[in-house]
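One structure below.
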Amino acid sequence: MGRKLTFILLILLLTCTGFNQPVKKVQAETSKVTVNASVLNIRKGPGLSYPILKQVQKGDQFTVLQKKNDWYEIKMPSGDTGWAASWLVSLNESNTVGGGTGTVTVDGVRLRSGPSSDSSILRVLQKDQVVTIQSQNGNWVKVTVDGGNGWISKDFLSSKEKVSIQSSSSKGIVTVDNLNIRTSPTISSSVIGSLNTGNELNILEEQNGWVHFTMGTLEGWVSSQYVQKVSGNEGNQNTQSKNSNQKMTGTVNVNSINVRSKPSLDGKIIGSITSGQSFEIEKEENNWIEIKLNNQIGWIAGWYVNKSTQSTVTAPQKGSQKGSVTILYNGTNLRGNATTNSSILSRANAGDSFNILDTVNDWYKIQLKNGGIAYVASWLVSSSETKSKSSEMNTPPSTTGGLKGKIIVIDPGHGGQDKGTSGYRGTFEKNITLSTAMKLYQKLKNAGANVILTRSDDHYISLPARVGIAQNNHADAFISIHFDSLKEDQSVTGHTTYYYHENQKELANDIDQGISASVSVKDRGVRFGDFHVIRENSGPAVLTELGYLSNPNEELLINTQQYQELVSTGIYNGLVEYFK
């Protein structure tokens, strides 16, 4: 009996210890990836041909199990594993540092809800503010300040005591004009603004030929081939030496900006300057710009300024110059020929100046800074032409573009208690329609049109009242401005122009073509639409949907001053074409 019992115990022991069973090699889970794309497909295997297991969102983090070619095998919260494309995620090798305190190194650092530039802004921190460091995730540091938690970029934090965060002094200088700023490191991502030659960037990271940067409150990605890297304080010195024969000018890109006594939000307000006002930049310090205001030195926040470099030496040959033009609006198209249908060679911003070579109908032939030739519409610039001694005084072409005296009603959609649709991040349609309408209003007024707004502030107005304004004023054109949303499919993007009556179709076509020539978002075309403001309107009337607030990237783009300037210029150009 004893021998039998011993045999049974031996069998049980071998069974429990996994006799002849191979030992699994467990990989330490130390690396994580963060999703960069708005929506990322997780697949069953390392390739695009494998079926999709699920979709994850931008900012989601996962533990890496292994890498195979350009794919990471990741572990999901459910315990399942899948594969993610390496070019759509960022790898964070260290996620566990913590402890100690740090000090914010510049003014205006944004404290975000998550370790991503797309995370919502909780508050703004100032220079020398002390924070407690909790952990690090790639280039982002989780901190506690005044009892609240959030994330900031490690490039704006100097650390003390237990934690070792290497504060990067890497900076970059932009080497071209009109460099597109994008929401992520890919050419297919949305454009949210642009930079010009000489702009100085704080480089956060580099990834596959792209630079992640901040400049004041501006943040995004640009192509690294157009950024010259410098270290520490070399940025301003480099710019000055490289452009020793040039001067840097700035133009305000918001409605109004305070001029302060020192380069800080703590500085005393000594005056203000308004949108479109240009000035010579004396120097820059921590994204603040020193200027002269009424012979007094002052400072303005650099992130509200478009900068450009202008040569102090005139380029054209003697006798070839007929004065100069100054661009009135950000994102103005410079074209290959004197027509709105010709190709766009470049774009210029408010305050940029060019020498006039000739005039062609309602267009100026101008010389670009690189020596090239382009054409700009006369109604988008102010001109200063010189007199010719051998002939009559040159007279500038008509700046009306056929708009002078036309009665145009602009209808900013929604208002008051009617918020319209709301964006992925909470943008109210009523606010964006009004700000875009005001930009279009100013352009048309400058061209001599008689412009009427159905609303000029945030109040409700009924649909019949909007139509009544157009009919009572015998409007030559009625433009209703809206932004779209499709919560069921957040990938949908683009602009659409609607008409109801057949006599409205020509205006709709011209407006749609004007918008497409000005902005890079998808053109969804001209369509029939059963909307009250165009159905009950017997005259030329259109309703425009200028982008999708439900798409996260397009919402960011729509909220920029740059996009609103471009899209309003597109509508303007469409009206010019219509009234020719």
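To be explicit about the labels: the chains of the structure tokens are called A, B, and onward in the order shown, and within each one the residues are counted from 1, while ligands get numbers from 1 in the order they are shown.
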
Spatial neighbours of Trp363 of chain A, 7 Å, only C-alpha atoms, chain gap at least 3 places, as a list of chain:residue names = A:Ala338, A:Thr359, A:Val360, A:Tyr375, A:Val376, A:Ala377, A:Ser378

Store the residues picked out above, limited to N, CA and C atoms, as a compact mmCIF listing (two decimals), in the first residue's frame.
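As written to disk, again23.txt reads:
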# COMPACT_ATOMS: atom_id res chain seq x y z
N ALA A 338 -2.37 86.07 -65.35
CA ALA A 338 -3.30 87.06 -64.82
C ALA A 338 -4.74 86.57 -64.91
N THR A 359 1.40 95.88 -65.39
CA THR A 359 -0.01 95.68 -65.06
C THR A 359 -0.70 95.02 -66.24
N VAL A 360 -1.56 94.04 -65.94
CA VAL A 360 -2.32 93.31 -66.98
C VAL A 360 -3.76 93.27 -66.52
N TYR A 375 1.82 86.75 -60.78
CA TYR A 375 0.75 87.74 -60.92
C TYR A 375 -0.12 87.70 -59.66
N VAL A 376 -0.54 88.90 -59.21
CA VAL A 376 -1.41 88.99 -58.06
C VAL A 376 -2.59 89.90 -58.40
N ALA A 377 -3.78 89.51 -57.95
CA ALA A 377 -4.98 90.29 -58.23
C ALA A 377 -4.91 91.65 -57.54
N SER A 378 -5.26 92.71 -58.26
CA SER A 378 -5.13 94.07 -57.73
C SER A 378 -6.03 94.32 -56.53

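Going from atom CA of Gln513 of chain A over to atom CA of Phe579 of chain A, you cover 14.2 Å.
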
Closest-contact table, segment 519-554 of chain A side, partner segment 426-450 of chain A, 12 Å, counting only C-alpha atoms, as CSV:
residue,atom,partner,partner_atom,distance
A:Leu543,CA,A:Thr433,CA,11.8
A:Thr544,CA,A:Thr433,CA,10.3
A:Glu545,CA,A:Thr433,CA,9.7
A:Leu546,CA,A:Thr433,CA,9.1
A:Gly547,CA,A:Glu429,CA,10.5
A:Tyr548,CA,A:Glu429,CA,10.0
A:Leu549,CA,A:Thr427,CA,7.3
A:Ser550,CA,A:Gly426,CA,9.4
A:Asn551,CA,A:Thr427,CA,11.3
A:Pro552,CA,A:Gly426,CA,10.2
A:Glu554,CA,A:Thr427,CA,11.4

Can those selected residues be exported to a file as a JSON list (two decimals), in the first residue's frame so that it contains N, CA and C atoms?
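Result file result20.json:
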[["chain", "number", "residue", "atom", "x", "y", "z"],
["A", 543, "LEU", "N", -25.47, 78.36, -50.49],
["A", 543, "LEU", "CA", -25.14, 77.98, -49.12],
["A", 543, "LEU", "C", -23.85, 77.18, -49.18],
["A", 544, "THR", "N", -22.84, 77.62, -48.43],
["A", 544, "THR", "CA", -21.54, 76.96, -48.45],
["A", 544, "THR", "C", -21.32, 76.20, -47.15],
["A", 545, "GLU", "N", -20.83, 74.99, -47.26],
["A", 545, "GLU", "CA", -20.35, 74.20, -46.11],
["A", 545, "GLU", "C", -18.84, 74.15, -46.26],
["A", 546, "LEU", "N", -18.11, 74.85, -45.38],
["A", 546, "LEU", "CA", -16.69, 75.12, -45.61],
["A", 546, "LEU", "C", -15.74, 74.16, -44.91],
["A", 547, "GLY", "N", -16.23, 73.01, -44.48],
["A", 547, "GLY", "CA", -15.37, 72.01, -43.85],
["A", 547, "GLY", "C", -16.14, 71.25, -42.80],
["A", 548, "TYR", "N", -15.56, 70.13, -42.34],
["A", 548, "TYR", "CA", -16.24, 69.25, -41.39],
["A", 548, "TYR", "C", -15.65, 69.40, -39.99],
["A", 549, "LEU", "N", -16.47, 69.95, -39.09],
["A", 549, "LEU", "CA", -16.05, 70.08, -37.69],
["A", 549, "LEU", "C", -16.00, 68.73, -36.99],
["A", 550, "SER", "N", -16.67, 67.73, -37.54],
["A", 550, "SER", "CA", -16.67, 66.40, -36.94],
["A", 550, "SER", "C", -15.36, 65.67, -37.18],
["A", 551, "ASN", "N", -14.55, 66.13, -38.14],
["A", 551, "ASN", "CA", -13.24, 65.52, -38.39],
["A", 551, "ASN", "C", -12.21, 66.22, -37.50],
["A", 552, "PRO", "N", -11.52, 65.50, -36.62],
["A", 552, "PRO", "CA", -10.62, 66.14, -35.65],
["A", 552, "PRO", "C", -9.56, 67.03, -36.30],
["A", 554, "GLU", "N", -9.62, 68.37, -39.39],
["A", 554, "GLU", "CA", -10.20, 69.49, -40.11],
["A", 554, "GLU", "C", -10.74, 70.55, -39.15]]

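Nearest residue to Trp299 of chain A among A:Leu368, A:Leu328, A:Val174, A:Ile269 is A:Ile269, counting only C-alpha atoms.
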
For Ser184 of chain A, which residue among A:Val35, A:Gly45, A:Met215, A:Thr63 is the nearest when counting only C-alpha atoms?
-> A:Val35

Show me a table, sorted first by chain and then by increasing residue number, of the residues of segment 376-491 of chain A having an atom at most 9 Å from segment 518-542 of chain A, each with its shortest atom pair and the distance in Å to one decimal, counting only C-alpha atoms and written as a Markdown table.
| residue | atom | partner | partner_atom | distance |
| --- | --- | --- | --- | --- |
| A:Leu463 | CA | A:Val533 | CA | 6.3 |
| A:Pro464 | CA | A:Val533 | CA | 7.3 |
| A:Arg466 | CA | A:Val533 | CA | 6.9 |
| A:Val467 | CA | A:Val533 | CA | 5.7 |
| A:Gly468 | CA | A:Asn537 | CA | 8.5 |
| A:Ala470 | CA | A:Asn537 | CA | 7.8 |
| A:Gln471 | CA | A:Asn537 | CA | 7.4 |
| A:His474 | CA | A:Gly539 | CA | 8.3 |
| A:Ala475 | CA | A:Gly539 | CA | 7.3 |
| A:Asp476 | CA | A:Pro540 | CA | 6.7 |
| A:Ala477 | CA | A:Pro540 | CA | 5.1 |
| A:Phe478 | CA | A:Ala541 | CA | 4.4 |
| A:Ile479 | CA | A:Val542 | CA | 5.3 |
| A:Ser480 | CA | A:Val542 | CA | 6.3 |
| A:Ile481 | CA | A:Val542 | CA | 8.8 |

Output for the residues just chosen: C-alpha atoms as a short mmCIF file (atom, residue, chain, number, x, y, z; two decimals), in the first residue's frame:
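Result written to out-v4.cif:
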data_model
loop_
_atom_site.label_atom_id
_atom_site.label_comp_id
_atom_site.auth_asym_id
_atom_site.auth_seq_id
_atom_site.Cartn_x
_atom_site.Cartn_y
_atom_site.Cartn_z
CA LEU A 463 -34.46 81.88 -41.49
CA PRO A 464 -37.29 83.95 -43.05
CA ARG A 466 -32.37 86.21 -43.35
CA VAL A 467 -34.12 85.79 -46.71
CA GLY A 468 -36.07 89.00 -46.11
CA ALA A 470 -31.71 89.83 -49.15
CA GLN A 471 -35.07 90.50 -50.83
CA HIS A 474 -32.51 93.60 -53.79
CA ALA A 475 -29.27 91.69 -53.25
CA ASP A 476 -27.10 90.90 -56.27
CA ALA A 477 -25.77 87.86 -54.38
CA PHE A 478 -26.56 86.07 -51.11
CA ILE A 479 -23.86 83.90 -49.46
CA SER A 480 -24.81 81.74 -46.47
CA ILE A 481 -21.77 80.46 -44.57
#

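Residue-level DSSP output for segment 464-566 of chain A, from the backbone, shows strand (DSSP E or B) at Ala477, Phe478, Ile479, Ser480, Ile481, His482, Phe483, Asp484, His495, Thr496, Thr497, Tyr498, Tyr499, Asp523, Arg524, Gly525, Val526, Arg527, Phe528, Ala541, Val542, Leu543, Thr544, Glu545, Leu546, Gly547 and Tyr548 of chain A.
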
Residues of the last selection are to be written out with C-alpha atoms, as a short mmCIF file (atom, residue, chain, number, x, y, z; two decimals), in the first residue's frame.
data_model
loop_
_atom_site.label_atom_id
_atom_site.label_comp_id
_atom_site.auth_asym_id
_atom_site.auth_seq_id
_atom_site.Cartn_x
_atom_site.Cartn_y
_atom_site.Cartn_z
CA ALA A 477 -25.77 87.86 -54.38
CA PHE A 478 -26.56 86.07 -51.11
CA ILE A 479 -23.86 83.90 -49.46
CA SER A 480 -24.81 81.74 -46.47
CA ILE A 481 -21.77 80.46 -44.57
CA HIS A 482 -21.85 77.15 -42.69
CA PHE A 483 -19.62 74.30 -41.52
CA ASP A 484 -20.62 70.65 -41.73
CA HIS A 495 -16.19 71.77 -48.63
CA THR A 496 -19.50 71.77 -50.54
CA THR A 497 -21.48 74.51 -52.29
CA TYR A 498 -25.30 74.24 -52.59
CA TYR A 499 -27.91 75.88 -54.84
CA ASP A 523 -13.73 69.70 -52.99
CA ARG A 524 -17.05 67.85 -52.61
CA GLY A 525 -18.48 69.83 -55.49
CA VAL A 526 -21.61 71.81 -56.31
CA ARG A 527 -24.88 70.14 -55.28
CA PHE A 528 -28.61 70.75 -55.15
CA ALA A 541 -27.98 82.66 -53.59
CA VAL A 542 -25.76 79.83 -52.36
CA LEU A 543 -25.14 77.98 -49.12
CA THR A 544 -21.54 76.96 -48.45
CA GLU A 545 -20.35 74.20 -46.11
CA LEU A 546 -16.69 75.12 -45.61
CA GLY A 547 -15.37 72.01 -43.85
CA TYR A 548 -16.24 69.25 -41.39
#

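Proximity of A:Ile410, A:Ile281, A:Val211, A:Leu195 to Val176 of chain A, computed with only C-alpha atoms, is greatest for A:Leu195.
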
Using only C-alpha atoms, pick whichever of A:Ile52, A:Asn36, A:Gln66, A:Gly114 has the shortest atom-to-atom distance to Leu88 of chain A.
-> A:Asn36

Write out as a list in words which residues come within 6 Å of segment 147-155 of chain A when counting only C-alpha atoms, dropping same-chain ones fewer than 2 positions away.
-> Leu111, Arg112, Ser113, Gly114, Pro115, Asn139, Trp140, Val141, Lys142, Val143, Thr144, Val145, Leu157, Ser167 and Ser168 of chain A

Keeping only N, CA and C atoms, take the residues you just selected and write them out as a tab-separated table (two decimals), in the first residue's frame.
chain	number	residue	atom	x	y	z
A	111	LEU	N	-0.12	73.36	-20.31
A	111	LEU	CA	-0.33	72.15	-19.53
A	111	LEU	C	-1.50	71.42	-20.16
A	112	ARG	N	-1.25	70.19	-20.64
A	112	ARG	CA	-2.27	69.45	-21.41
A	112	ARG	C	-2.82	68.27	-20.62
A	113	SER	N	-3.97	67.79	-21.06
A	113	SER	CA	-4.64	66.69	-20.38
A	113	SER	C	-3.99	65.34	-20.67
A	114	GLY	N	-3.17	65.25	-21.70
A	114	GLY	CA	-2.50	64.00	-22.05
A	114	GLY	C	-1.16	64.27	-22.73
A	115	PRO	N	-0.35	63.20	-22.94
A	115	PRO	CA	0.98	63.37	-23.53
A	115	PRO	C	0.94	63.50	-25.05
A	139	ASN	N	8.55	62.38	-25.04
A	139	ASN	CA	8.97	63.78	-24.91
A	139	ASN	C	8.06	64.57	-23.96
A	140	TRP	N	7.15	63.88	-23.29
A	140	TRP	CA	6.18	64.54	-22.42
A	140	TRP	C	6.39	64.14	-20.96
A	141	VAL	N	6.14	65.07	-20.06
A	141	VAL	CA	6.34	64.85	-18.63
A	141	VAL	C	5.03	65.14	-17.90
A	142	LYS	N	4.60	64.18	-17.08
A	142	LYS	CA	3.41	64.38	-16.26
A	142	LYS	C	3.82	65.10	-14.99
A	143	VAL	N	3.14	66.22	-14.69
A	143	VAL	CA	3.52	67.03	-13.53
A	143	VAL	C	2.28	67.36	-12.71
A	144	THR	N	2.52	67.74	-11.46
A	144	THR	CA	1.49	68.27	-10.59
A	144	THR	C	1.83	69.72	-10.27
A	145	VAL	N	0.84	70.60	-10.45
A	145	VAL	CA	1.05	72.02	-10.16
A	145	VAL	C	-0.23	72.57	-9.55
A	157	LEU	N	11.23	72.35	-19.50
A	157	LEU	CA	11.31	72.03	-18.08
A	157	LEU	C	12.74	71.72	-17.70
A	167	SER	N	17.04	68.51	-20.82
A	167	SER	CA	16.37	69.65	-21.44
A	167	SER	C	17.06	69.99	-22.76
A	168	SER	N	16.33	69.81	-23.84
A	168	SER	CA	16.90	70.04	-25.16
A	168	SER	C	17.02	71.52	-25.45

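Of the listed residues (A:Gly574, A:Gly420, A:Gly172, A:Pro46), A:Pro46 comes nearest to Tyr72 of chain A; the distances count only C-alpha atoms.
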
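Taking only C-alpha atoms into account, Ile356 of chain A lies nearest to A:Thr326 out of the set A:Thr326, A:Arg123, A:Gln57, A:Asn559.
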
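Note that the spacing between atom CA of Lys406 of chain A and atom CA of Asp457 of chain A amounts to 23.3 Å.
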
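Close contacts of Tyr226 of chain A, defined as residues with an atom at most 10 Å away when counting only C-alpha atoms, with chain neighbours fewer than 2 positions off set aside, comprise Gly172, Ile173, Val174, Thr175, Val176, Asp177, Leu179, Thr197, Trp210, Val211, Val222, Ser223, Ser224, Gln228 and Lys229 of chain A.
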
List every residue of segment 352-561 of chain A that DSSP, applied to the backbone of this structure, assigns to alpha helix (DSSP H), and report them as a PyMOL selection string.
-> chain A and resi 429-446+463-472+505-518+532-535+552-558+561

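Atom to atom, atom CA of Lys419 of chain A and atom CA of Ser116 of chain A stand 28.6 Å apart.
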
Which residues come within 6 Å of Ser194 of chain A, counting only C-alpha atoms, excluding same-chain residues fewer than 2 positions away, as a ChimeraX atom specification?
-> /A:178-181
